[in-house]
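Here is the file start-v6.txt (compact mmCIF, C-alpha atoms).
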# COMPACT_ATOMS: atom_id res chain seq x y z
CA MET A 1 -35.86 -90.96 -166.72
CA LEU A 2 -34.65 -93.38 -164.12
CA ARG A 3 -37.46 -93.96 -161.70
CA GLY A 4 -36.85 -95.54 -158.35
CA HIS A 5 -38.00 -99.00 -157.58
CA THR A 6 -40.66 -98.65 -154.93
CA GLY A 7 -41.46 -101.81 -153.05
CA SER A 8 -44.29 -102.49 -150.70
CA VAL A 9 -44.13 -100.93 -147.26
CA ARG A 10 -43.39 -103.66 -144.74
CA GLY A 11 -43.13 -101.79 -141.48
CA ILE A 12 -43.84 -98.34 -140.14
CA ALA A 13 -43.26 -96.60 -136.84
CA LEU A 14 -44.23 -93.21 -135.51
CA SER A 15 -41.86 -91.40 -133.19
CA ALA A 16 -43.07 -90.99 -129.61
CA ASP A 17 -44.03 -87.36 -130.24
CA GLY A 18 -45.82 -88.25 -133.46
CA ARG A 19 -43.70 -85.82 -135.46
CA MET A 20 -41.76 -88.34 -137.53
CA LEU A 21 -42.60 -91.54 -139.30
CA ALA A 22 -40.14 -94.22 -140.33
CA SER A 23 -40.96 -96.76 -143.00
CA GLY A 24 -39.21 -99.89 -144.16
CA SER A 25 -39.74 -101.25 -147.62
CA GLU A 26 -39.49 -104.47 -149.52
CA ASP A 27 -36.95 -102.71 -151.78
CA GLY A 28 -34.50 -102.50 -148.86
CA THR A 29 -34.76 -98.78 -148.22
CA VAL A 30 -35.81 -97.05 -145.06
CA ARG A 31 -37.43 -93.65 -145.26
CA LEU A 32 -37.95 -91.01 -142.68
CA TRP A 33 -40.85 -88.59 -143.05
CA GLU A 34 -42.15 -85.54 -141.28
CA ALA A 35 -45.55 -86.13 -139.70
CA PRO A 36 -48.22 -85.13 -140.24
CA GLY A 37 -46.79 -82.94 -143.02
CA GLY A 38 -45.44 -85.80 -145.08
CA ARG A 39 -42.16 -84.24 -146.22
CA LEU A 40 -39.48 -86.85 -146.98
CA LEU A 41 -36.59 -86.17 -144.59
CA SER A 42 -34.17 -88.86 -145.65
CA THR A 43 -33.76 -92.05 -147.62
CA LEU A 44 -31.59 -94.63 -145.88
CA GLN A 45 -29.88 -97.08 -148.17
CA GLY A 46 -27.69 -99.92 -147.02
CA HIS A 47 -29.74 -103.03 -146.36
CA ALA A 48 -28.95 -105.56 -149.02
CA GLY A 49 -30.68 -108.66 -150.24
CA GLY A 50 -34.18 -108.30 -148.94
CA GLY A 51 -36.71 -105.98 -147.49
CA VAL A 52 -36.85 -104.07 -144.27
CA TRP A 53 -39.69 -105.34 -142.12
CA SER A 54 -39.09 -103.49 -138.93
CA VAL A 55 -38.18 -99.92 -138.00
CA THR A 56 -38.25 -97.98 -134.77
CA VAL A 57 -37.35 -94.45 -133.70
CA SER A 58 -35.85 -93.71 -130.29
CA THR A 59 -37.88 -91.71 -127.80
CA ASP A 60 -35.52 -88.74 -128.11
CA ASN A 61 -35.93 -88.73 -131.92
CA ARG A 62 -32.21 -89.03 -132.55
CA LEU A 63 -31.84 -92.64 -133.58
CA LEU A 64 -33.56 -94.95 -136.01
CA ALA A 65 -33.08 -98.72 -135.97
CA SER A 66 -34.00 -101.00 -138.85
CA GLY A 67 -34.00 -104.76 -139.19
CA GLY A 68 -33.64 -106.39 -142.57
CA LEU A 69 -34.10 -109.70 -144.26
CA ASP A 70 -30.37 -109.39 -145.02
CA GLY A 71 -29.84 -110.39 -141.37
CA THR A 72 -28.44 -107.05 -140.27
CA VAL A 73 -29.69 -104.39 -137.94
CA ARG A 74 -28.73 -100.85 -138.82
CA LEU A 75 -28.62 -97.74 -136.72
CA TRP A 76 -29.08 -94.37 -138.36
CA GLU A 77 -28.84 -90.77 -137.30
CA VAL A 78 -32.13 -88.90 -137.26
CA PRO A 79 -33.14 -86.82 -139.14
CA GLY A 80 -30.08 -86.71 -141.41
CA GLY A 81 -29.94 -90.41 -142.16
CA ARG A 82 -26.23 -91.06 -141.65
CA LEU A 83 -25.50 -94.75 -141.05
CA ILE A 84 -24.03 -95.07 -137.56
CA ALA A 85 -23.56 -98.81 -137.30
CA THR A 86 -24.29 -102.08 -139.04
CA LEU A 87 -25.01 -104.82 -136.50
CA GLU A 88 -24.06 -108.22 -137.79
CA GLY A 89 -24.47 -111.63 -136.24
CA HIS A 90 -27.92 -112.94 -137.04
CA THR A 91 -27.87 -115.85 -139.45
CA GLY A 92 -31.41 -115.23 -140.66
CA GLY A 93 -33.59 -112.29 -141.51
CA VAL A 94 -34.36 -109.80 -138.79
CA TRP A 95 -38.04 -109.05 -138.68
CA GLY A 96 -38.27 -107.25 -135.36
CA VAL A 97 -36.26 -104.49 -133.69
CA THR A 98 -37.16 -102.66 -130.52
CA LEU A 99 -35.39 -99.92 -128.58
CA SER A 100 -35.67 -99.40 -124.84
CA THR A 101 -37.33 -96.17 -123.72
CA ASP A 102 -33.98 -94.67 -122.78
CA GLY A 103 -32.66 -95.58 -126.23
CA ARG A 104 -29.62 -97.41 -124.89
CA LEU A 105 -30.65 -101.01 -125.47
CA LEU A 106 -31.68 -102.55 -128.75
CA ALA A 107 -33.24 -105.99 -129.09
CA SER A 108 -33.52 -107.76 -132.41
CA ALA A 109 -35.55 -110.86 -133.22
CA SER A 110 -34.71 -113.10 -136.11
CA PHE A 111 -35.93 -115.99 -138.15
CA ASP A 112 -32.71 -117.67 -137.00
CA GLY A 113 -34.48 -118.33 -133.68
CA THR A 114 -32.37 -115.99 -131.57
CA LEU A 115 -32.79 -112.63 -129.99
CA ARG A 116 -29.79 -110.39 -129.80
CA LEU A 117 -29.13 -107.49 -127.50
CA TRP A 118 -27.00 -104.56 -128.61
CA ASP A 119 -25.99 -101.33 -127.03
CA ALA A 120 -27.22 -98.19 -128.73
CA PRO A 121 -26.27 -96.06 -130.44
CA GLY A 122 -22.87 -97.78 -130.75
CA GLY A 123 -24.19 -101.14 -131.82
CA ARG A 124 -21.85 -103.24 -129.67
CA PRO A 125 -23.17 -106.82 -129.32
CA LEU A 126 -24.20 -107.55 -125.72
CA ALA A 127 -25.82 -110.98 -125.77
CA VAL A 128 -27.24 -113.73 -127.95
CA LEU A 129 -30.42 -115.16 -126.42
CA GLN A 130 -30.78 -118.78 -127.42
CA GLY A 131 -33.40 -121.36 -126.56
CA HIS A 132 -36.17 -121.13 -129.11
CA THR A 133 -36.16 -123.97 -131.57
CA GLY A 134 -37.60 -122.10 -134.52
CA PRO A 135 -38.12 -118.68 -136.06
CA LEU A 136 -39.32 -115.86 -133.80
CA TYR A 137 -42.52 -114.07 -134.67
CA GLY A 138 -43.06 -111.89 -131.61
CA VAL A 139 -40.89 -109.75 -129.38
CA ALA A 140 -41.74 -107.24 -126.67
CA LEU A 141 -39.63 -105.11 -124.38
CA ALA A 142 -41.17 -103.75 -121.20
CA ALA A 143 -41.37 -99.97 -120.88
CA ASP A 144 -38.89 -100.01 -117.99
CA GLY A 145 -36.41 -101.95 -120.10
CA GLN A 146 -36.10 -104.80 -117.62
CA LEU A 147 -38.11 -107.59 -119.18
CA LEU A 148 -37.89 -108.97 -122.68
CA ALA A 149 -40.36 -111.48 -124.09
CA SER A 150 -40.22 -113.57 -127.24
CA GLY A 151 -42.47 -116.05 -128.99
CA GLY A 152 -42.37 -118.03 -132.16
CA GLU A 153 -42.72 -121.10 -134.23
CA ASP A 154 -41.92 -123.50 -131.38
CA GLY A 155 -45.09 -122.45 -129.56
CA THR A 156 -43.37 -121.21 -126.43
CA ILE A 157 -42.91 -117.78 -124.95
CA ARG A 158 -39.65 -117.00 -123.26
CA LEU A 159 -38.97 -114.28 -120.75
CA TRP A 160 -35.51 -112.80 -120.46
CA ASP A 161 -33.75 -110.31 -118.23
CA ALA A 162 -33.15 -107.54 -120.72
CA SER A 163 -30.12 -106.10 -118.96
CA SER A 164 -28.15 -109.34 -118.69
CA GLY A 165 -29.79 -111.42 -121.41
CA ALA A 166 -30.36 -114.17 -118.86
CA TRP A 167 -33.20 -116.59 -119.53
CA LEU A 168 -35.85 -116.27 -116.82
CA ARG A 169 -38.50 -118.78 -117.77
CA THR A 170 -40.47 -120.44 -120.52
CA LEU A 171 -44.24 -120.06 -120.68
CA ARG A 172 -46.08 -122.90 -122.28
CA SER A 173 -49.46 -124.44 -122.16
CA ASP A 174 -49.81 -127.92 -123.49
CA ARG A 175 -53.48 -127.91 -122.64
CA SER A 176 -55.97 -125.97 -124.75
CA TYR A 177 -58.49 -125.77 -121.92
CA GLU A 178 -56.15 -124.60 -119.19
CA ARG A 179 -57.55 -121.41 -117.62
CA LEU A 180 -60.42 -121.36 -120.10
CA ASP A 181 -63.43 -119.76 -118.39
CA ILE A 182 -66.44 -122.04 -118.90
CA THR A 183 -68.67 -120.16 -116.46
CA GLY A 184 -72.16 -120.24 -117.91
CA LEU A 185 -71.15 -122.48 -120.81
CA THR A 186 -74.20 -124.33 -122.12
CA GLY A 187 -74.61 -127.25 -124.48
CA VAL A 188 -72.31 -129.54 -122.58
CA THR A 189 -73.22 -132.43 -120.35
CA GLY A 190 -72.23 -132.58 -116.72
CA ALA A 191 -69.61 -135.16 -117.57
CA GLN A 192 -68.17 -132.96 -120.31
CA ARG A 193 -68.08 -130.01 -117.96
CA LYS A 194 -66.26 -132.10 -115.38
CA ALA A 195 -63.79 -133.26 -118.04
CA LEU A 196 -63.10 -129.65 -119.04
CA LEU A 197 -62.50 -128.72 -115.42
CA THR A 198 -60.14 -131.66 -115.08
CA LEU A 199 -58.29 -130.30 -118.10
CA GLY A 200 -57.84 -127.00 -116.33
CA ALA A 201 -60.89 -124.99 -117.33
CA VAL A 202 -62.41 -122.76 -114.68
CA ASP A 203 -66.07 -122.28 -113.75
CA HIS A 204 -66.71 -119.47 -111.28
CA HIS A 205 -70.18 -120.80 -110.50
CA ALA A 206 -69.21 -124.40 -109.96
CA PRO A 207 -69.31 -125.87 -106.46
CA ALA A 208 -65.93 -125.34 -104.86
CA GLY A 209 -65.12 -129.04 -104.78
CA VAL A 210 -65.45 -129.39 -108.54
CA ILE A 211 -62.85 -126.80 -109.49
CA VAL A 212 -59.66 -128.51 -110.46
CA GLU A 213 -56.77 -126.10 -110.54
CA PRO A 214 -54.34 -126.73 -113.37
CA ALA A 215 -51.16 -128.45 -112.38
CA GLY A 216 -48.30 -126.04 -111.85
CA MET B 217 -55.53 -137.94 -122.31
CA LEU B 218 -56.70 -135.13 -124.51
CA ARG B 219 -53.80 -132.78 -125.03
CA GLY B 220 -54.33 -129.32 -126.38
CA HIS B 221 -53.19 -128.35 -129.81
CA THR B 222 -50.48 -125.80 -129.30
CA GLY B 223 -49.68 -123.73 -132.34
CA SER B 224 -46.82 -121.39 -132.92
CA VAL B 225 -46.89 -118.06 -131.14
CA ARG B 226 -47.63 -115.37 -133.69
CA GLY B 227 -47.80 -112.22 -131.62
CA ILE B 228 -47.02 -111.11 -128.11
CA ALA B 229 -47.52 -107.92 -126.15
CA LEU B 230 -46.48 -106.81 -122.71
CA SER B 231 -48.78 -104.57 -120.72
CA ALA B 232 -47.50 -101.05 -120.09
CA ASP B 233 -46.50 -101.92 -116.53
CA GLY B 234 -44.78 -105.12 -117.66
CA ARG B 235 -46.90 -107.23 -115.31
CA MET B 236 -48.90 -109.10 -117.95
CA LEU B 237 -48.13 -110.68 -121.25
CA ALA B 238 -50.66 -111.50 -123.95
CA SER B 239 -49.93 -114.02 -126.66
CA GLY B 240 -51.74 -114.95 -129.83
CA SER B 241 -51.31 -118.32 -131.40
CA GLU B 242 -51.65 -120.01 -134.74
CA ASP B 243 -54.21 -122.33 -133.08
CA GLY B 244 -56.59 -119.39 -132.65
CA THR B 245 -56.26 -118.99 -128.91
CA VAL B 246 -55.12 -115.95 -126.99
CA ARG B 247 -53.45 -116.40 -123.64
CA LEU B 248 -52.83 -114.01 -120.84
CA TRP B 249 -49.91 -114.58 -118.51
CA GLU B 250 -48.54 -113.02 -115.38
CA ALA B 251 -45.13 -111.47 -115.93
CA PRO B 252 -42.45 -112.13 -115.03
CA GLY B 253 -43.89 -115.00 -112.97
CA GLY B 254 -45.32 -116.85 -115.93
CA ARG B 255 -48.59 -118.05 -114.40
CA LEU B 256 -51.32 -118.57 -117.00
CA LEU B 257 -54.16 -116.18 -116.13
CA SER B 258 -56.63 -117.04 -118.84
CA THR B 259 -57.12 -118.79 -122.15
CA LEU B 260 -59.32 -116.87 -124.57
CA GLN B 261 -61.09 -118.98 -127.11
CA GLY B 262 -63.30 -117.61 -129.83
CA HIS B 263 -61.31 -116.79 -132.93
CA ALA B 264 -62.19 -119.28 -135.61
CA GLY B 265 -60.53 -120.35 -138.80
CA GLY B 266 -57.01 -119.09 -138.42
CA GLY B 267 -54.42 -117.85 -136.06
CA VAL B 268 -54.18 -114.75 -133.96
CA TRP B 269 -51.32 -112.58 -135.14
CA SER B 270 -51.83 -109.50 -133.08
CA VAL B 271 -52.66 -108.78 -129.45
CA THR B 272 -52.52 -105.68 -127.32
CA VAL B 273 -53.33 -104.82 -123.71
CA SER B 274 -54.78 -101.43 -122.72
CA THR B 275 -52.67 -99.11 -120.60
CA ASP B 276 -55.00 -99.57 -117.62
CA ASN B 277 -54.65 -103.39 -117.87
CA ARG B 278 -58.39 -103.93 -118.15
CA LEU B 279 -58.81 -104.73 -121.80
CA LEU B 280 -57.17 -107.03 -124.30
CA ALA B 281 -57.71 -106.74 -128.04
CA SER B 282 -56.88 -109.49 -130.50
CA GLY B 283 -56.93 -109.59 -134.28
CA GLY B 284 -57.38 -112.84 -136.11
CA LEU B 285 -57.01 -114.34 -139.53
CA ASP B 286 -60.74 -115.06 -139.21
CA GLY B 287 -61.23 -111.35 -139.97
CA THR B 288 -62.55 -110.44 -136.54
CA VAL B 289 -61.22 -108.29 -133.76
CA ARG B 290 -62.13 -109.38 -130.27
CA LEU B 291 -62.17 -107.47 -127.02
CA TRP B 292 -61.69 -109.34 -123.78
CA GLU B 293 -61.85 -108.50 -120.13
CA VAL B 294 -58.53 -108.64 -118.31
CA PRO B 295 -57.52 -110.67 -116.38
CA GLY B 296 -60.62 -112.89 -116.36
CA GLY B 297 -60.83 -113.40 -120.08
CA ARG B 298 -64.54 -112.81 -120.64
CA LEU B 299 -65.32 -111.95 -124.27
CA ILE B 300 -66.73 -108.42 -124.34
CA ALA B 301 -67.27 -107.93 -128.05
CA THR B 302 -66.61 -109.47 -131.44
CA LEU B 303 -65.87 -106.77 -134.02
CA GLU B 304 -66.93 -107.82 -137.47
CA GLY B 305 -66.54 -106.07 -140.79
CA HIS B 306 -63.12 -106.83 -142.21
CA THR B 307 -63.25 -109.05 -145.25
CA GLY B 308 -59.72 -110.35 -144.78
CA GLY B 309 -57.50 -111.43 -141.93
CA VAL B 310 -56.66 -108.87 -139.30
CA TRP B 311 -52.96 -108.88 -138.61
CA GLY B 312 -52.64 -105.68 -136.59
CA VAL B 313 -54.58 -104.16 -133.71
CA THR B 314 -53.60 -101.13 -131.70
CA LEU B 315 -55.30 -99.33 -128.81
CA SER B 316 -54.95 -95.63 -128.05
CA THR B 317 -53.23 -94.75 -124.79
CA ASP B 318 -56.55 -93.85 -123.18
CA GLY B 319 -57.93 -97.22 -124.29
CA ARG B 320 -60.98 -95.71 -125.98
CA LEU B 321 -59.99 -96.09 -129.62
CA LEU B 322 -59.05 -99.27 -131.39
CA ALA B 323 -57.55 -99.42 -134.87
CA SER B 324 -57.36 -102.63 -136.84
CA ALA B 325 -55.40 -103.28 -140.02
CA SER B 326 -56.32 -106.01 -142.42
CA PHE B 327 -55.18 -107.88 -145.45
CA ASP B 328 -58.41 -106.57 -147.01
CA GLY B 329 -56.60 -103.24 -147.48
CA THR B 330 -58.62 -101.26 -144.97
CA LEU B 331 -58.12 -99.89 -141.54
CA ARG B 332 -61.08 -99.79 -139.22
CA LEU B 333 -61.66 -97.68 -136.17
CA TRP B 334 -63.78 -98.92 -133.29
CA ASP B 335 -64.69 -97.54 -129.96
CA ALA B 336 -63.44 -99.45 -126.96
CA PRO B 337 -64.40 -101.30 -124.92
CA GLY B 338 -67.83 -101.45 -126.59
CA GLY B 339 -66.58 -102.31 -130.03
CA ARG B 340 -68.91 -99.99 -131.96
CA PRO B 341 -67.63 -99.44 -135.53
CA LEU B 342 -66.56 -95.81 -136.05
CA ALA B 343 -64.99 -95.69 -139.49
CA VAL B 344 -63.66 -97.70 -142.40
CA LEU B 345 -60.48 -96.13 -143.79
CA GLN B 346 -60.19 -96.91 -147.47
CA GLY B 347 -57.59 -95.93 -150.04
CA HIS B 348 -54.86 -98.52 -150.02
CA THR B 349 -54.96 -100.81 -153.01
CA GLY B 350 -53.54 -103.89 -151.35
CA PRO B 351 -53.00 -105.64 -148.03
CA LEU B 352 -51.72 -103.59 -145.11
CA TYR B 353 -48.50 -104.62 -143.42
CA GLY B 354 -47.87 -101.73 -141.06
CA VAL B 355 -49.97 -99.60 -138.76
CA ALA B 356 -49.04 -97.07 -136.09
CA LEU B 357 -51.08 -94.88 -133.81
CA ALA B 358 -49.46 -91.81 -132.26
CA ALA B 359 -49.21 -91.73 -128.48
CA ASP B 360 -51.64 -88.81 -128.29
CA GLY B 361 -54.18 -90.77 -130.32
CA GLN B 362 -54.49 -88.10 -133.00
CA LEU B 363 -52.55 -89.51 -135.91
CA LEU B 364 -52.84 -92.91 -137.51
CA ALA B 365 -50.44 -94.20 -140.15
CA SER B 366 -50.67 -97.21 -142.42
CA GLY B 367 -48.49 -98.83 -145.03
CA GLY B 368 -48.68 -101.87 -147.20
CA GLU B 369 -48.41 -103.75 -150.43
CA ASP B 370 -49.20 -100.75 -152.61
CA GLY B 371 -45.98 -99.05 -151.50
CA THR B 372 -47.62 -95.98 -150.05
CA ILE B 373 -48.00 -94.70 -146.52
CA ARG B 374 -51.23 -93.00 -145.59
CA LEU B 375 -51.83 -90.67 -142.70
CA TRP B 376 -55.25 -90.41 -141.15
CA ASP B 377 -56.93 -88.32 -138.50
CA ALA B 378 -57.55 -90.97 -135.87
CA SER B 379 -60.51 -89.26 -134.29
CA SER B 380 -62.53 -88.76 -137.46
CA GLY B 381 -60.96 -91.36 -139.73
CA ALA B 382 -60.39 -88.64 -142.32
CA TRP B 383 -57.61 -89.21 -144.84
CA LEU B 384 -54.91 -86.57 -144.38
CA ARG B 385 -52.32 -87.41 -147.00
CA THR B 386 -50.42 -90.08 -148.86
CA LEU B 387 -46.65 -90.31 -148.56
CA ARG B 388 -44.87 -91.76 -151.51
CA SER B 389 -41.51 -91.60 -153.09
CA ASP B 390 -41.26 -92.70 -156.67
CA ARG B 391 -37.57 -91.91 -156.67
CA SER B 392 -35.09 -94.19 -154.91
CA TYR B 393 -32.53 -91.44 -154.59
CA GLU B 394 -34.78 -88.73 -153.21
CA ARG B 395 -33.28 -87.39 -149.95
CA LEU B 396 -30.46 -89.92 -150.11
CA ASP B 397 -27.41 -88.40 -148.46
CA ILE B 398 -24.44 -88.84 -150.81
CA THR B 399 -22.13 -86.56 -148.84
CA GLY B 400 -18.67 -88.09 -149.06
CA LEU B 401 -19.77 -90.82 -151.46
CA THR B 402 -16.78 -92.11 -153.42
CA GLY B 403 -16.46 -94.28 -156.50
CA VAL B 404 -18.74 -92.18 -158.63
CA THR B 405 -17.82 -89.80 -161.39
CA GLY B 406 -18.73 -86.16 -161.30
CA ALA B 407 -21.42 -86.80 -163.89
CA GLN B 408 -22.88 -89.63 -161.84
CA ARG B 409 -22.89 -87.45 -158.75
CA LYS B 410 -24.65 -84.72 -160.66
CA ALA B 411 -27.21 -87.24 -161.92
CA LEU B 412 -27.88 -88.44 -158.38
CA LEU B 413 -28.38 -84.87 -157.23
CA THR B 414 -30.79 -84.32 -160.10
CA LEU B 415 -32.68 -87.37 -158.87
CA GLY B 416 -33.05 -85.79 -155.48
CA ALA B 417 -29.99 -86.96 -153.58
CA VAL B 418 -28.39 -84.48 -151.20
CA ASP B 419 -24.72 -83.66 -150.73
CA HIS B 420 -23.99 -81.39 -147.80
CA HIS B 421 -20.51 -80.64 -149.11
CA ALA B 422 -21.51 -79.82 -152.66
CA PRO B 423 -21.31 -76.24 -153.89
CA ALA B 424 -24.64 -74.59 -153.22
CA GLY B 425 -25.46 -74.26 -156.90
CA VAL B 426 -25.22 -77.99 -157.50
CA ILE B 427 -27.82 -79.05 -154.97
CA VAL B 428 -31.05 -79.87 -156.68
CA GLU B 429 -33.92 -80.04 -154.25
CA PRO B 430 -36.42 -82.73 -155.05
CA ALA B 431 -39.63 -81.57 -156.61
CA GLY B 432 -42.43 -81.11 -154.10

Mind turning the file's structure into structure tokens?
Amino acid sequence: MLRGHTGSVRGIALSADGRMLASGSEDGTVRLWEAPGGRLLSTLQGHAGGGVWSVTVSTDNRLLASGGLDGTVRLWEVPGGRLIATLEGHTGGVWGVTLSTDGRLLASASFDGTLRLWDAPGGRPLAVLQGHTGPLYGVALAADGQLLASGGEDGTIRLWDASSGAWLRTLRSDRSYERLDITGLTGVTGAQRKALLTLGAVDHHAPAGVIVEPAG
Amino acid sequence: MLRGHTGSVRGIALSADGRMLASGSEDGTVRLWEAPGGRLLSTLQGHAGGGVWSVTVSTDNRLLASGGLDGTVRLWEVPGGRLIATLEGHTGGVWGVTLSTDGRLLASASFDGTLRLWDAPGGRPLAVLQGHTGPLYGVALAADGQLLASGGEDGTIRLWDASSGAWLRTLRSDRSYERLDITGLTGVTGAQRKALLTLGAVDHHAPAGVIVEPAG
């Protein structure tokens, strides 16, 4: 008997009400399950050439988004599993997808170093967010859908206006000791403590004149 | 001048109100930033021997949890950055940490194949959830804090009672075609279609007698 290839599970997501679970697999399939019962609701096939590392279910339980190493994002009907749209544009694997709370905005993060914004459920491309100089490893969308944050290989964090895709600012710290709290730190000499403060560390017990605020 | 090592950003999280952003870095530091302003609030040092891949901020903005490749989970005071507790027990890197909405339960997922539950903010170990036979790659905690799900290398998904740590069930599909919707699928012969249905595929347009429900 033909038995299905079952790859490792790379990403899972529970729906907001905890009644459904979506899973993405190394074998390229996405599965939707009833929770906590465990009944398989649908098997979503379509991603090609690589696993599915990221899945998310919309708050209203009607839409599932998946991001694949094939560089596509796919939108599926829940619970039936019909493919609604294939979102193409990324030139590297998509490891992160996130839907806004109202389910109308989708952000995808890729190893190609870009974020992309799409409208949901249609899948129309809205913006390509460029600036990072390496693969992205982290993405977060604020609950109100206004702020999008990304971080990755280049060591920076970028904040974006999620509605327009406009770049807001880049967060970076070139100094390991900036805003490090050394209050009560022992085992360092006075000179070392002063050096740390000069490098941006903070000591809440230090005499006021010794605190050196980090340069803006 | 001594310049800080700045590693790649491995994980980011926005607080529920979108006013703070936590980042974990390959250099082992965790940073807390004001959002969207971008001011660095604190630098959290403590993780040793590896990067920090996962960070999360509690809903009340008072607690930050980080999981590190050093196998520890750390709890920090927000926004000051004081280390509250170091949670030890995992025998492999921790790549995922998640806090319940009420901030009192912390789940950590590790490459050691276990999930662990801890109370927060104290960090007392509550349970070790064993069963997976390989590294975990996905973890999700339901919004109501009752259901915990995990998935990983072994290809299974496990559901757990988050309050007790009890194993509820294991979701698995050994059959690629189970619950695959082949309604309207073209390019297959009648025999192939029948074979797919036998393997658990579903066709909403097929005569009732042809539909073969997958075995429980």

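Every residue of chain A that lies within 6 Å of chain B is listed here, counting only C-alpha atoms: A:Arg3, A:Gly4, A:Gly7, A:Ser8, A:Val9, A:Arg10, A:Gly11, A:Ile12, A:Ala13, A:Gly18, A:Gly38, A:Ser42, A:Thr43, A:Tyr137, A:Gly138, A:Ala140, A:Ala142, A:Gly151, A:Gly152, A:Glu153, A:Asp154, A:Gly155, A:Leu171, A:Asp174, A:Arg175, A:Ser176, A:Arg179, A:Leu180.
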
Practice task
In the coordinates of the file, take the point (-54.0, -104.2, -123.1) and a cut-off of 9 Å; then, counting only C-alpha atoms, name each qualifying protein, DNA or RNA residue as a VMD selection string.
Solution key: chain B and resid 229 to 232 236 to 238 271 to 281 294 315 319

Practice task
May I ask for the distance between atom CA of Ala336 of chain B and atom CA of Trp311 of chain B, given in Å to one decimal place?
Solution key: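 According to the coordinates, atom CA of Ala336 of chain B and atom CA of Trp311 of chain B are separated by 18.3 Å.
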
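Atom to atom, atom CA of His421 of chain B and atom CA of Gly400 of chain B stand 7.7 Å apart.
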
Exercise for the section: Might you pull out every residue within 10 Å of Gly67 of chain A, with only C-alpha atoms counted and same-chain residues fewer than 6 positions away left off, and present them as a list in words? Expected result: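 Residues meeting the cut-off are Gly11, Gly24, Gly28, Val30, His47, Gly51, Val52, Trp53, Ser54, Val55, Thr56, Val73, Arg74, Leu75, Leu87, Gly93, Val94, Trp95, Gly96, Val97, Thr98, Ser108, Ala109 and Ser110 of chain A.
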
Handout entry: Distance of atom CA of Leu345 of chain B from atom CA of Leu333 of chain B, expressed in Å to one decimal place
Key = 7.9 Å
